[in-house]
Amino acid sequence: MMKPMPTAFTALAAFAIAAAPAAAAPIVGRPAPNFKLADSNGKVVTLSDFRGKTVVLEWHNPGCPFVKKHYGSGNMQRTQAAAARAGVVWLTINSGAPGKQGHMSGAEARTLVAQSGARPTAYLLDHRGVVGRAYDAKTTPHMYVVNKAGTLVYAGGIDDKPTANPADIAAARNHVLAALAELKSGKAVSVATSRPYGCSVKYADG
Amino acid sequence: MRGIGYWVVAWLAAMLLAAPTQAQLQPKGKNAILAGLVAESATIVPGRTVTLALTMRPSKGWHGYWKNPGDSGIETQIAWDLPAGLTAGPIQYPVPERLIVAGLMNYVYEGDYAQLVEVSVPAKVAPGTKLPIRARVDYLACTDKICVPETANVAVDLEAGPAPAAGTNRAVFDRFRQALPKPLGGEARFEVRGSRFRLAIPIPAGLELGEPYFYPLTDGALSYAAPQTFSRSGDTLIVETDAPPGGGSLSAVEGVLKLSGGNGLSLKAVPGPVPAAGPPLGPAGERPAPGASAVLTALLGAIIGGLLLNVMPCVFPILSLKALSLAKAGGDEGAARREALAYTAGAVLICLGLGAALLGLRAGGVAAGWAFQLQDSRVILALLLLITAVALNLAGLFELPAVTAGGRLAERRGLGGAFWTGALAAFVATPCTGPFMGAALGAALVLPEALALAIFAGLGLGLALPFLLLGFIPALRRRLPRSGPWMGRFRRLMSVPMFLTALALAWILGRQAGVDGMALGLAAATALGLALWWVGRRQGGALAWLPLAPAALAAVLAAILVPTAAPGPAPAAAQGLLKSEPFSPARLAALRQEGRAVFVYFTADWCVTCKINEKGALEREPVAQAFADRKVAVLVGDWTRGDAEIGRFLETHGRSGVPLYLYYEPGKPVEILPQILTPSRLVSMVS
């Protein structure tokens, strides 16, 4: 689990370490772009370290009503718990720039994760938006699934009901859970892309 | 689970930390976008439909979303609660705008907008039945920093009745409808070549496009935030932009092409070949800085164009006489140079002034082109009077220091005189710029302002160049013919092209303001002529110019009275082989009352099919002959700007767009013709 570390160091680390290939947008079926990011504890997390495990990437902004839809209802936490039970790594990424909605320091992120009952493997801080841009993450939430071989196998929305109304969750198809189930049983992901919906990622200007 | 309670606390904490966004939150209980529901008519006729408008009024700084919101956002959702039997159609969205925030594209509305919905009522509903319409509307309201999903419960009460209520919201709804995209009619084609999405849209070659942009309705067809480049190949507009990475194959791409003045055309594209791109039209979105060579070429073109203007009938007399006067003055080098410079300053400043006014108008959203000032009949009137005065002056009716080479006035020649001569030359030159300068100046309009102004200045410089050279190169001056009595004759002769220019202006005035306007203009010109004659008789006295006062008054009166828009036929329609008049339902009814056969057609400048039919079938000799033989009246409805009356008429004939061809023969039901016409079909129709 996450252990507290000095906040100033966390913030510094987040700025210093964020690094990812500034390649074109990732393509489903191709290798997922590798990246290094500091998590909310200041620890550096590298995507390639999880080779051999399935990885879910979740773009997050706590101020966004669409994110609230899935956290307020417990839908995202349930999805994270199901992933954890299946041994799947879950990386929540915040690409909100300083001064913009949803931007968080490491300490704030730790509090938020603890209080919301979220279950990510790590909460990553991408203040400069480098990884967000590398993945062409457009909305919060915007979900990606990387298989054990490091190939991107899903990119899109959390489900197929593009609304902010939590009542729509019950009847929706959770694309991430479906993809994880298909991967587990050795099948190809049937819905490999969908249109992400939500707030725009609050990237730094320019 | 610790879930919700903790989450809310954390969230509030996060919101407090995010102070800047906090300031933007709307007061509780008040939506950032106010939604309302209005009906076009409070009475709804059973068996028919009524149009409802979901009116949306964003607070300052907030925006709502188009059906395809772009990279983020959601479309409007309406949950209807309708009386039994009533059905609501899909939401019709007005043409949106673009908003790029941190590299992500949003297709939005930043000002008030209305989304229209058709509600139909079954025929069996009894008149007098109350029909309460209720709806829950969910939509997303955003600033450039935050988004808030909002819900509005809207209501309007209707009643079934025999006829739509009087005093309806028709005018308001006409405005709403004008903001909707119009169906293109023709089919577009698209292809993905490499990483590029390419789209071919049938658009007539001559149509002014402004700054076009293609708003895709189909998701996954193109990268929203990528710049779009436009080029033309005959009657095809080609759009090129980035395809999204890893995009699948699509069977159709729908969207809206936005043209100048907020006009939008909705279209559907199917897979198919797209012609090679031509020279880019000026990309939508951010304008890349044009290459230095392109700017130089345009500048050179403008200077050469300005030079050419000197031989135009409206400019040549002014220039030649001015040049001769300069030559005659001889001697003083410095004076000649100063005069040449003053003349150049006058010409350049007027060109710059016209250019700046044009850019200003365009920035204000007016679809103006070069010589835009000539679209105003009052300007034409002013030019007519000016040219008439110049012509009369050249003819010797009176003397004017600035223009003439007259001996006595040569001494009064001064820098002011030279400056105003240059200004006059530039101003009267504008009617002649159109034909060959239009394209070059059109190119200037897509450049950044400073460069565009440089092009306009280049035009003025080119215009002044001959005189400038004469002023600075004495050898040239010496080569001019010696002055003598022939100069008087030459001057008289030069009045001829000026009178011809005046005649052309009178004709333009007639086209713009009708016969009455032209008569008014000619009357003002006559009054001016008489006054100038009087001036000429008294010339030299202290109050020599006094008689001009009543003439000036008459000119001002005429300028006020002259109609600014032609009451007469639509210019395009009246010209051709087929005699026609503009469509109105009243005119159609009147003609049918008279027992005339009437052929009605609806067209628009952006409609390729329409133009092909007009060229290939309607404007043919046998057709015109057959129509004339049978005394078939022809009415033309021009829907280029989405005229609401025509829009309603199209709707009653089950069409949402043009072309539409109708033939009314006395005593027979109206015949709707196919969308592709042939001369033989038209001839057989009337015989």
# chains A, B, ... in the order shown; residues from 1 in each chain; ligands from 1

call {"tool": "select_by_dssp", "arguments": {"residues": "range 20-187 of chain A", "states": "strand (DSSP E or B)", "output": "PyMOL selection string"}}
result
chain A and resi 31+36-39+44-46+55-59+89-94+122-125+139-140+143-146+151-156+159+174

call {"tool": "interface_residues", "arguments": {"of": "chain A", "to": "chain B", "cutoff": "8 Å", "atoms": "only C-alpha atoms", "output": "ChimeraX atom specification"}}
result
/A:25-28,62-65,71-74,99-104,108,111-112,115-117,138-139,162-164,195-200,202-206

call {"tool": "atom_distance", "arguments": {"atom1": "CA of Gly422 in chain B", "atom2": "CA of Leu352 in chain B"}}
result
12.8 Å

call {"tool": "residues_around", "arguments": {"residues": "range 343-349 of chain B", "least_positions_apart": "2", "cutoff": "6 Å", "atoms": "only C-alpha atoms", "output": "ChimeraX atom specification"}}
result
/B:340-341,351-353,418-420,422-423,426,457,460-461,464

call {"tool": "residues_around", "arguments": {"residues": "range 52-57 of chain A", "least_positions_apart": "2", "cutoff": "9 Å", "atoms": "only C-alpha atoms", "output": "PyMOL selection string"}}
result
chain A and resi 47+49-50+59+83+87-93+142-150+176+180+183

call {"tool": "atom_distance", "arguments": {"atom1": "CA of Tyr113 in chain B", "atom2": "CA of Gln92 in chain B"}}
result
11.3 Å

call {"tool": "residues_around", "arguments": {"residues": "Pro317 in chain B", "least_positions_apart": "5", "cutoff": "8 Å", "atoms": "only C-alpha atoms", "output": "PyMOL selection string"}}
result
chain B and resi 491+494-495+497-498

call {"tool": "write_last_selection", "arguments": {"atoms": "N, CA and C atoms", "output": "PDB file, in the first residue's frame"}}
result
ATOM      1  N   ARG B 491      -8.169  67.605 -73.750  1.00  0.00           N
ATOM      2  CA  ARG B 491      -8.932  67.597 -72.508  1.00  0.00           C
ATOM      3  C   ARG B 491     -10.420  67.377 -72.790  1.00  0.00           C
ATOM      4  N   MET B 494     -11.021  63.865 -73.540  1.00  0.00           N
ATOM      5  CA  MET B 494     -10.938  62.999 -72.359  1.00  0.00           C
ATOM      6  C   MET B 494     -12.240  62.999 -71.561  1.00  0.00           C
ATOM      7  N   SER B 495     -13.103  63.959 -71.830  1.00  0.00           N
ATOM      8  CA  SER B 495     -14.378  63.960 -71.106  1.00  0.00           C
ATOM      9  C   SER B 495     -15.256  62.804 -71.579  1.00  0.00           C
ATOM     10  N   PRO B 497     -14.579  59.407 -72.145  1.00  0.00           N
ATOM     11  CA  PRO B 497     -14.576  58.224 -71.267  1.00  0.00           C
ATOM     12  C   PRO B 497     -15.195  58.505 -69.895  1.00  0.00           C
ATOM     13  N   MET B 498     -15.051  59.742 -69.427  1.00  0.00           N
ATOM     14  CA  MET B 498     -15.650  60.077 -68.139  1.00  0.00           C
ATOM     15  C   MET B 498     -17.164  60.027 -68.218  1.00  0.00           C
TER      16      MET B 498
END

call {"tool": "closest_residue", "arguments": {"among": "B:Ala160, B:Ala604, B:Val50, B:Leu677", "to": "Leu265 in chain B", "atoms": "only C-alpha atoms"}}
result
B:Ala604

call {"tool": "residues_around", "arguments": {"residues": "Leu82 in chain B", "least_positions_apart": "3", "cutoff": "8 Å", "atoms": "only C-alpha atoms", "output": "PyMOL selection string"}}
result
chain B and resi 85-87+131-135

call {"tool": "write_last_selection", "arguments": {"atoms": "all heavy atoms", "output": "PDB file, in the first residue's frame"}}
result
ATOM      1  N   GLY B  85     -50.382   9.775 -27.832  1.00  0.00           N
ATOM      2  CA  GLY B  85     -50.523   9.922 -29.276  1.00  0.00           C
ATOM      3  C   GLY B  85     -49.557  10.922 -29.885  1.00  0.00           C
ATOM      4  O   GLY B  85     -49.243  10.849 -31.070  1.00  0.00           O
ATOM      5  N   LEU B  86     -49.075  11.868 -29.082  1.00  0.00           N
ATOM      6  CA  LEU B  86     -48.141  12.860 -29.627  1.00  0.00           C
ATOM      7  C   LEU B  86     -46.742  12.254 -29.712  1.00  0.00           C
ATOM      8  O   LEU B  86     -46.342  11.485 -28.839  1.00  0.00           O
ATOM      9  CB  LEU B  86     -48.097  14.108 -28.737  1.00  0.00           C
ATOM     10  CG  LEU B  86     -49.136  15.195 -29.077  1.00  0.00           C
ATOM     11  CD1 LEU B  86     -50.530  14.687 -28.799  1.00  0.00           C
ATOM     12  CD2 LEU B  86     -48.848  16.479 -28.345  1.00  0.00           C
ATOM     13  N   THR B  87     -46.008  12.604 -30.760  1.00  0.00           N
ATOM     14  CA  THR B  87     -44.632  12.114 -30.873  1.00  0.00           C
ATOM     15  C   THR B  87     -43.707  13.278 -31.173  1.00  0.00           C
ATOM     16  O   THR B  87     -44.072  14.197 -31.909  1.00  0.00           O
ATOM     17  CB  THR B  87     -44.478  11.069 -31.995  1.00  0.00           C
ATOM     18  OG1 THR B  87     -45.087  11.599 -33.172  1.00  0.00           O
ATOM     19  CG2 THR B  87     -45.137   9.759 -31.635  1.00  0.00           C
ATOM     20  N   LEU B 131     -53.295  20.139 -24.543  1.00  0.00           N
ATOM     21  CA  LEU B 131     -52.128  19.287 -24.794  1.00  0.00           C
ATOM     22  C   LEU B 131     -50.923  19.840 -24.017  1.00  0.00           C
ATOM     23  O   LEU B 131     -50.148  20.623 -24.558  1.00  0.00           O
ATOM     24  CB  LEU B 131     -51.813  19.248 -26.292  1.00  0.00           C
ATOM     25  CG  LEU B 131     -52.918  18.668 -27.186  1.00  0.00           C
ATOM     26  CD1 LEU B 131     -52.621  18.952 -28.646  1.00  0.00           C
ATOM     27  CD2 LEU B 131     -53.059  17.161 -26.954  1.00  0.00           C
ATOM     28  N   PRO B 132     -50.795  19.447 -22.757  1.00  0.00           N
ATOM     29  CA  PRO B 132     -49.640  19.934 -21.998  1.00  0.00           C
ATOM     30  C   PRO B 132     -48.368  19.182 -22.416  1.00  0.00           C
ATOM     31  O   PRO B 132     -48.345  17.950 -22.436  1.00  0.00           O
ATOM     32  CB  PRO B 132     -50.019  19.635 -20.545  1.00  0.00           C
ATOM     33  CG  PRO B 132     -50.975  18.504 -20.624  1.00  0.00           C
ATOM     34  CD  PRO B 132     -51.658  18.559 -21.966  1.00  0.00           C
ATOM     35  N   ILE B 133     -47.342  19.908 -22.772  1.00  0.00           N
ATOM     36  CA  ILE B 133     -46.062  19.318 -23.187  1.00  0.00           C
ATOM     37  C   ILE B 133     -45.073  19.528 -22.040  1.00  0.00           C
ATOM     38  O   ILE B 133     -44.863  20.660 -21.599  1.00  0.00           O
ATOM     39  CB  ILE B 133     -45.513  20.013 -24.444  1.00  0.00           C
ATOM     40  CG1 ILE B 133     -46.580  20.099 -25.536  1.00  0.00           C
ATOM     41  CG2 ILE B 133     -44.227  19.357 -24.926  1.00  0.00           C
ATOM     42  CD1 ILE B 133     -46.720  18.905 -26.394  1.00  0.00           C
ATOM     43  N   ARG B 134     -44.487  18.450 -21.562  1.00  0.00           N
ATOM     44  CA  ARG B 134     -43.498  18.543 -20.485  1.00  0.00           C
ATOM     45  C   ARG B 134     -42.247  17.799 -20.936  1.00  0.00           C
ATOM     46  O   ARG B 134     -42.342  16.807 -21.660  1.00  0.00           O
ATOM     47  CB  ARG B 134     -44.031  17.890 -19.198  1.00  0.00           C
ATOM     48  CG  ARG B 134     -45.331  18.485 -18.677  1.00  0.00           C
ATOM     49  CD  ARG B 134     -45.092  19.872 -18.054  1.00  0.00           C
ATOM     50  NE  ARG B 134     -46.332  20.463 -17.609  1.00  0.00           N
ATOM     51  CZ  ARG B 134     -47.099  21.282 -18.352  1.00  0.00           C
ATOM     52  NH1 ARG B 134     -46.732  21.562 -19.601  1.00  0.00           N
ATOM     53  NH2 ARG B 134     -48.206  21.800 -17.877  1.00  0.00           N
ATOM     54  N   ALA B 135     -41.102  18.251 -20.477  1.00  0.00           N
ATOM     55  CA  ALA B 135     -39.866  17.547 -20.814  1.00  0.00           C
ATOM     56  C   ALA B 135     -38.809  17.816 -19.767  1.00  0.00           C
ATOM     57  O   ALA B 135     -38.754  18.894 -19.171  1.00  0.00           O
ATOM     58  CB  ALA B 135     -39.364  17.979 -22.184  1.00  0.00           C
TER      59      ALA B 135
END

call {"tool": "residues_around", "arguments": {"residues": "range 179-192 of chain B", "least_positions_apart": "3", "cutoff": "6 Å", "atoms": "only C-alpha atoms", "output": "VMD selection string"}}
result
chain B and resid 94 to 95 176 196 to 201 264 to 267 269 to 272 657

call {"tool": "closest_residue", "arguments": {"among": "B:Leu383, B:Phe583, B:Phe427, B:Leu660", "to": "Ala524 in chain B", "atoms": "only C-alpha atoms"}}
result
B:Leu383
